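**Q** Handing you this structure, nothing more for now.
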Amino acid sequence: LSNSSFNNRNNRNGVMRSYTFTTPSYIDSDSNQISSVGTTTCQSTPELVSSNQSIVSTLVNTKHNSSLSTSSSSLTGTSNPNATSTSSRTIDDKNEAQRKAIALQMYDTEKSYVEALKSLVTKYYLPMKDKTVVSNELINDIFYKIPEIHIHHTAFLLSLSQKLNQWDNKQTVGDILLQMFTRTSVIETYTSFVNNYKTAQIAIGLCRDISSFNKFLEQQARDHHGKLTLRDLIIQPVQRIPRYELYIKDFLKCTN
């Protein structure tokens, strides 16, 4: 996310209309540093300017109607309504199965993402504050906006679950994506998080010289068999946003 939105961490109360998201195209797996990025501009008003948002709007407004396929007999001037109808139903059934599979995959990965955010809050952020593992300033730098991101995506997961429970051949997910990612509070939260990401990495580096911090991480690794490391969890909000664009593109491929 560009620094034009939040050049100063203390300037967090301004009303913001237009935002530029920086989406990572490459993240170094060893250092967790973002070395290659792309940008997407969006705004919190109903008039969206992002190319990605136009895709979302298309998905929202697209109806899953049957499309007529051309049979070989029609090419010779002879129509076969039964063959055309059967072909259309076959294509529609295949598309519907693909759409539902994509929706289920989105739900599964969203659930995993929410669980990762919950782990950051309940297994790292809150225990470190309660036990005074390091100073509050360092803790706030490391986990800046993580609790807010967790709240936003817990609500989004619930909306996605409700969609799946009512799934049919006219169901969409573009509307809830549009509602989620054009809200000013969500955009500001992600803007702040990404702009602070480098600060968070610096804070973690400083904490490495503090024995109480290292002991805390070692204890967490033992309790969770090394699966929920701070390093693996803290990068997930940066990695998650580009996934939604991929899901939208997959939906469009099988939506008439």
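Quick note on naming: the chains in the structure tokens go A, B, ... in the order shown, residues restart at 1 in each chain, and ligands are numbered from 1 in order of appearance.
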Tell me which protein, DNA and RNA residues are within 7 Å of Ala203 (chain A), counting only C-alpha atoms, leaving out same-chain ones fewer than 2 positions away, and put them as a list in words.
**A**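 Non-adjacent residues within range: Leu138, Asp141, Ile142, Thr199, Ala200, Gln201, Gly205, Leu206 and Cys207 of chain A.
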**Q** Just N, CA, C and O atoms for this one: save the residues we selected as a short mmCIF file (atom, residue, chain, number, x, y, z; two decimals), in the first residue's frame.
**A**
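Written file, selection.cif:
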data_model
loop_
_atom_site.label_atom_id
_atom_site.label_comp_id
_atom_site.auth_asym_id
_atom_site.auth_seq_id
_atom_site.Cartn_x
_atom_site.Cartn_y
_atom_site.Cartn_z
N LEU A 138 7.32 -1.98 21.66
CA LEU A 138 7.74 -2.99 20.69
C LEU A 138 6.58 -3.92 20.32
O LEU A 138 6.42 -4.29 19.15
N ASP A 141 4.32 -2.18 17.92
CA ASP A 141 4.93 -2.09 16.60
C ASP A 141 4.82 -3.41 15.84
O ASP A 141 4.56 -3.42 14.63
N ILE A 142 4.99 -4.51 16.54
CA ILE A 142 4.96 -5.83 15.89
C ILE A 142 3.55 -6.19 15.45
O ILE A 142 3.34 -6.68 14.33
N THR A 199 8.46 -1.60 9.90
CA THR A 199 8.67 -1.27 11.32
C THR A 199 8.48 -2.50 12.19
O THR A 199 9.24 -2.72 13.15
N ALA A 200 7.49 -3.32 11.85
CA ALA A 200 7.26 -4.54 12.61
C ALA A 200 8.45 -5.49 12.51
O ALA A 200 8.86 -6.10 13.52
N GLN A 201 9.02 -5.62 11.31
CA GLN A 201 10.18 -6.49 11.15
C GLN A 201 11.39 -5.97 11.92
O GLN A 201 12.15 -6.76 12.51
N GLY A 205 13.35 -7.82 15.06
CA GLY A 205 14.81 -7.93 15.10
C GLY A 205 15.39 -7.42 16.41
O GLY A 205 16.31 -8.03 16.97
N LEU A 206 14.86 -6.31 16.91
CA LEU A 206 15.32 -5.77 18.19
C LEU A 206 14.99 -6.72 19.33
O LEU A 206 15.78 -6.88 20.28
N CYS A 207 13.83 -7.36 19.24
CA CYS A 207 13.42 -8.29 20.30
C CYS A 207 14.29 -9.53 20.35
O CYS A 207 14.37 -10.20 21.40
#
**Q** Run DSSP on the backbone of this structure and report the residues of region 72-255 of chain A it assigns to alpha helix (DSSP H), as a ChimeraX atom specification.
**A** /A:72-75,81-119,126-130,136-142,146-165,174-181,184-207,211-223,230-234,236-253
**Q** Neighbours of Lys123 (chain A) within 10 Å (only C-alpha atoms; same-chain residues fewer than 4 positions away dropped), as a ChimeraX atom specification?
**A** /A:117-119,127-128,220,224,228,230
**Q** Next, dump the selected residues to file, keeping only all heavy atoms, as a PDB file, in the first residue's frame.
**A**
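Here's the written file out_34.pdb:
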ATOM      1  N   LEU A 117      -4.890 -15.377  12.075  1.00  0.00           N
ATOM      2  CA  LEU A 117      -5.019 -14.075  12.741  1.00  0.00           C
ATOM      3  C   LEU A 117      -5.376 -14.247  14.216  1.00  0.00           C
ATOM      4  O   LEU A 117      -4.857 -13.533  15.080  1.00  0.00           O
ATOM      5  CB  LEU A 117      -6.088 -13.237  12.039  1.00  0.00           C
ATOM      6  CG  LEU A 117      -5.773 -12.797  10.609  1.00  0.00           C
ATOM      7  CD1 LEU A 117      -7.017 -12.206   9.945  1.00  0.00           C
ATOM      8  CD2 LEU A 117      -4.632 -11.785  10.590  1.00  0.00           C
ATOM      9  N   LYS A 118      -6.253 -15.193  14.483  1.00  0.00           N
ATOM     10  CA  LYS A 118      -6.635 -15.462  15.871  1.00  0.00           C
ATOM     11  C   LYS A 118      -5.428 -15.930  16.687  1.00  0.00           C
ATOM     12  O   LYS A 118      -5.251 -15.531  17.844  1.00  0.00           O
ATOM     13  CB  LYS A 118      -7.738 -16.518  15.915  1.00  0.00           C
ATOM     14  CG  LYS A 118      -8.227 -16.832  17.321  1.00  0.00           C
ATOM     15  CD  LYS A 118      -9.331 -17.875  17.300  1.00  0.00           C
ATOM     16  CE  LYS A 118      -9.792 -18.200  18.711  1.00  0.00           C
ATOM     17  NZ  LYS A 118     -10.861 -19.249  18.698  1.00  0.00           N
ATOM     18  N   SER A 119      -4.583 -16.741  16.068  1.00  0.00           N
ATOM     19  CA  SER A 119      -3.376 -17.207  16.759  1.00  0.00           C
ATOM     20  C   SER A 119      -2.438 -16.046  17.072  1.00  0.00           C
ATOM     21  O   SER A 119      -1.842 -15.997  18.152  1.00  0.00           O
ATOM     22  CB  SER A 119      -2.644 -18.246  15.891  1.00  0.00           C
ATOM     23  OG  SER A 119      -3.422 -19.416  15.749  1.00  0.00           O
ATOM     24  N   PRO A 127      -0.731 -12.639  25.184  1.00  0.00           N
ATOM     25  CA  PRO A 127       0.194 -13.193  26.183  1.00  0.00           C
ATOM     26  C   PRO A 127       1.449 -12.344  26.373  1.00  0.00           C
ATOM     27  O   PRO A 127       1.936 -12.198  27.495  1.00  0.00           O
ATOM     28  CB  PRO A 127       0.550 -14.573  25.613  1.00  0.00           C
ATOM     29  CG  PRO A 127      -0.609 -14.940  24.761  1.00  0.00           C
ATOM     30  CD  PRO A 127      -1.059 -13.650  24.149  1.00  0.00           C
ATOM     31  N   MET A 128       1.976 -11.782  25.276  1.00  0.00           N
ATOM     32  CA  MET A 128       3.175 -10.954  25.409  1.00  0.00           C
ATOM     33  C   MET A 128       2.888  -9.680  26.203  1.00  0.00           C
ATOM     34  O   MET A 128       3.728  -9.203  26.967  1.00  0.00           O
ATOM     35  CB  MET A 128       3.724 -10.607  24.027  1.00  0.00           C
ATOM     36  CG  MET A 128       4.441 -11.768  23.341  1.00  0.00           C
ATOM     37  SD  MET A 128       5.023 -11.382  21.664  1.00  0.00           S
ATOM     38  CE  MET A 128       6.271 -10.140  22.028  1.00  0.00           C
ATOM     39  N   GLN A 220       6.346 -21.176  22.763  1.00  0.00           N
ATOM     40  CA  GLN A 220       5.272 -21.283  21.779  1.00  0.00           C
ATOM     41  C   GLN A 220       5.570 -22.377  20.754  1.00  0.00           C
ATOM     42  O   GLN A 220       4.673 -23.118  20.340  1.00  0.00           O
ATOM     43  CB  GLN A 220       5.079 -19.943  21.057  1.00  0.00           C
ATOM     44  CG  GLN A 220       4.521 -18.832  21.928  1.00  0.00           C
ATOM     45  CD  GLN A 220       3.157 -19.172  22.487  1.00  0.00           C
ATOM     46  OE1 GLN A 220       3.039 -19.611  23.625  1.00  0.00           O
ATOM     47  NE2 GLN A 220       2.123 -19.005  21.684  1.00  0.00           N
ATOM     48  N   HIS A 224       3.151 -25.682  20.187  1.00  0.00           N
ATOM     49  CA  HIS A 224       2.442 -25.847  18.922  1.00  0.00           C
ATOM     50  C   HIS A 224       3.275 -26.575  17.876  1.00  0.00           C
ATOM     51  O   HIS A 224       2.987 -26.484  16.675  1.00  0.00           O
ATOM     52  CB  HIS A 224       2.024 -24.473  18.391  1.00  0.00           C
ATOM     53  CG  HIS A 224       1.226 -23.682  19.379  1.00  0.00           C
ATOM     54  ND1 HIS A 224      -0.049 -24.040  19.757  1.00  0.00           N
ATOM     55  CD2 HIS A 224       1.527 -22.573  20.096  1.00  0.00           C
ATOM     56  CE1 HIS A 224      -0.513 -23.163  20.644  1.00  0.00           C
ATOM     57  NE2 HIS A 224       0.433 -22.276  20.875  1.00  0.00           N
ATOM     58  N   LEU A 228       3.087 -22.712  14.359  1.00  0.00           N
ATOM     59  CA  LEU A 228       2.531 -21.360  14.409  1.00  0.00           C
ATOM     60  C   LEU A 228       3.602 -20.352  14.790  1.00  0.00           C
ATOM     61  O   LEU A 228       3.480 -19.635  15.780  1.00  0.00           O
ATOM     62  CB  LEU A 228       1.365 -21.304  15.410  1.00  0.00           C
ATOM     63  CG  LEU A 228       0.192 -22.234  15.117  1.00  0.00           C
ATOM     64  CD1 LEU A 228      -0.824 -22.194  16.246  1.00  0.00           C
ATOM     65  CD2 LEU A 228      -0.477 -21.840  13.802  1.00  0.00           C
ATOM     66  N   LEU A 230       5.836 -17.005  14.783  1.00  0.00           N
ATOM     67  CA  LEU A 230       5.496 -15.594  14.604  1.00  0.00           C
ATOM     68  C   LEU A 230       5.842 -15.128  13.197  1.00  0.00           C
ATOM     69  O   LEU A 230       5.077 -14.397  12.556  1.00  0.00           O
ATOM     70  CB  LEU A 230       6.234 -14.754  15.646  1.00  0.00           C
ATOM     71  CG  LEU A 230       6.024 -13.239  15.578  1.00  0.00           C
ATOM     72  CD1 LEU A 230       4.559 -12.902  15.763  1.00  0.00           C
ATOM     73  CD2 LEU A 230       6.874 -12.542  16.641  1.00  0.00           C
TER      74      LEU A 230
END
**Q** Which value, in Å to one decimal, gives the distance between CA of His150 (chain A) and CA of Val114 (chain A)?
**A**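 Rounded to one decimal, the two atoms are 6.4 Å apart.
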**Q** Go through A:Arg231, A:Lys253, A:Arg99, A:Arg243 and flag the residue nearest Lys170 (chain A), using only C-alpha atoms for the distances.
**A**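 Among A:Arg231, A:Lys253, A:Arg99, A:Arg243, it is A:Arg99 that comes nearest to Lys170 (chain A).
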**Q** Mind checking which residues fall within 9 Å of Phe251 (chain A), counting only C-alpha atoms, ignoring those fewer than 5 positions away in the same chain, and posting them as an mmCIF file with C-alpha atoms, in the first residue's frame?
**A**
data_model
loop_
_atom_site.group_PDB
_atom_site.id
_atom_site.type_symbol
_atom_site.label_atom_id
_atom_site.label_comp_id
_atom_site.auth_asym_id
_atom_site.auth_seq_id
_atom_site.Cartn_x
_atom_site.Cartn_y
_atom_site.Cartn_z
ATOM 1 C CA LEU A 59 -19.251 -10.539 -10.909
ATOM 2 C CA GLN A 98 -16.679 -25.147 -10.887
ATOM 3 C CA ARG A 99 -18.212 -22.040 -9.294
ATOM 4 C CA ILE A 102 -14.088 -22.106 -6.118
ATOM 5 C CA ALA A 103 -16.454 -20.763 -3.460
ATOM 6 C CA LEU A 246 -7.249 -14.701 -8.316
#
**Q** Using only C-alpha atoms, which of the listed residues (A:Val133, A:Ile146, A:Cys254, A:Leu126) sits closest to Ser211 (chain A)?
**A**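 Counting only C-alpha atoms, the residue closest to Ser211 (chain A) is A:Val133.
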**Q** Taking only C-alpha atoms into account, which of A:Arg183, A:His153, A:Lys249, A:Lys215 comes nearest Tyr113 (chain A)?
**A**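 The answer is A:His153, which sits nearest to Tyr113 (chain A).
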**Q** Could you tell me how far CA of Tyr125 (chain A) sits from CA of Glu218 (chain A), in Å to one decimal place?
**A**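 Result for CA of Glu218 (chain A) versus CA of Tyr125 (chain A): 15.3 Å, one decimal.
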**Q** Calculate how many Å separate CA of Ile235 (chain A) from CA of Ile187 (chain A), rounding to one decimal.
**A**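 So the two atoms, CA of Ile235 (chain A) and CA of Ile187 (chain A), lie 17.5 Å apart.
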**Q** Which of these residues is nearest to Thr122 (chain A), using only C-alpha atoms: A:Ile204, A:Glu137, A:Ala97, A:Phe143?
**A**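 For Thr122 (chain A), the nearest of the candidates is A:Phe143.
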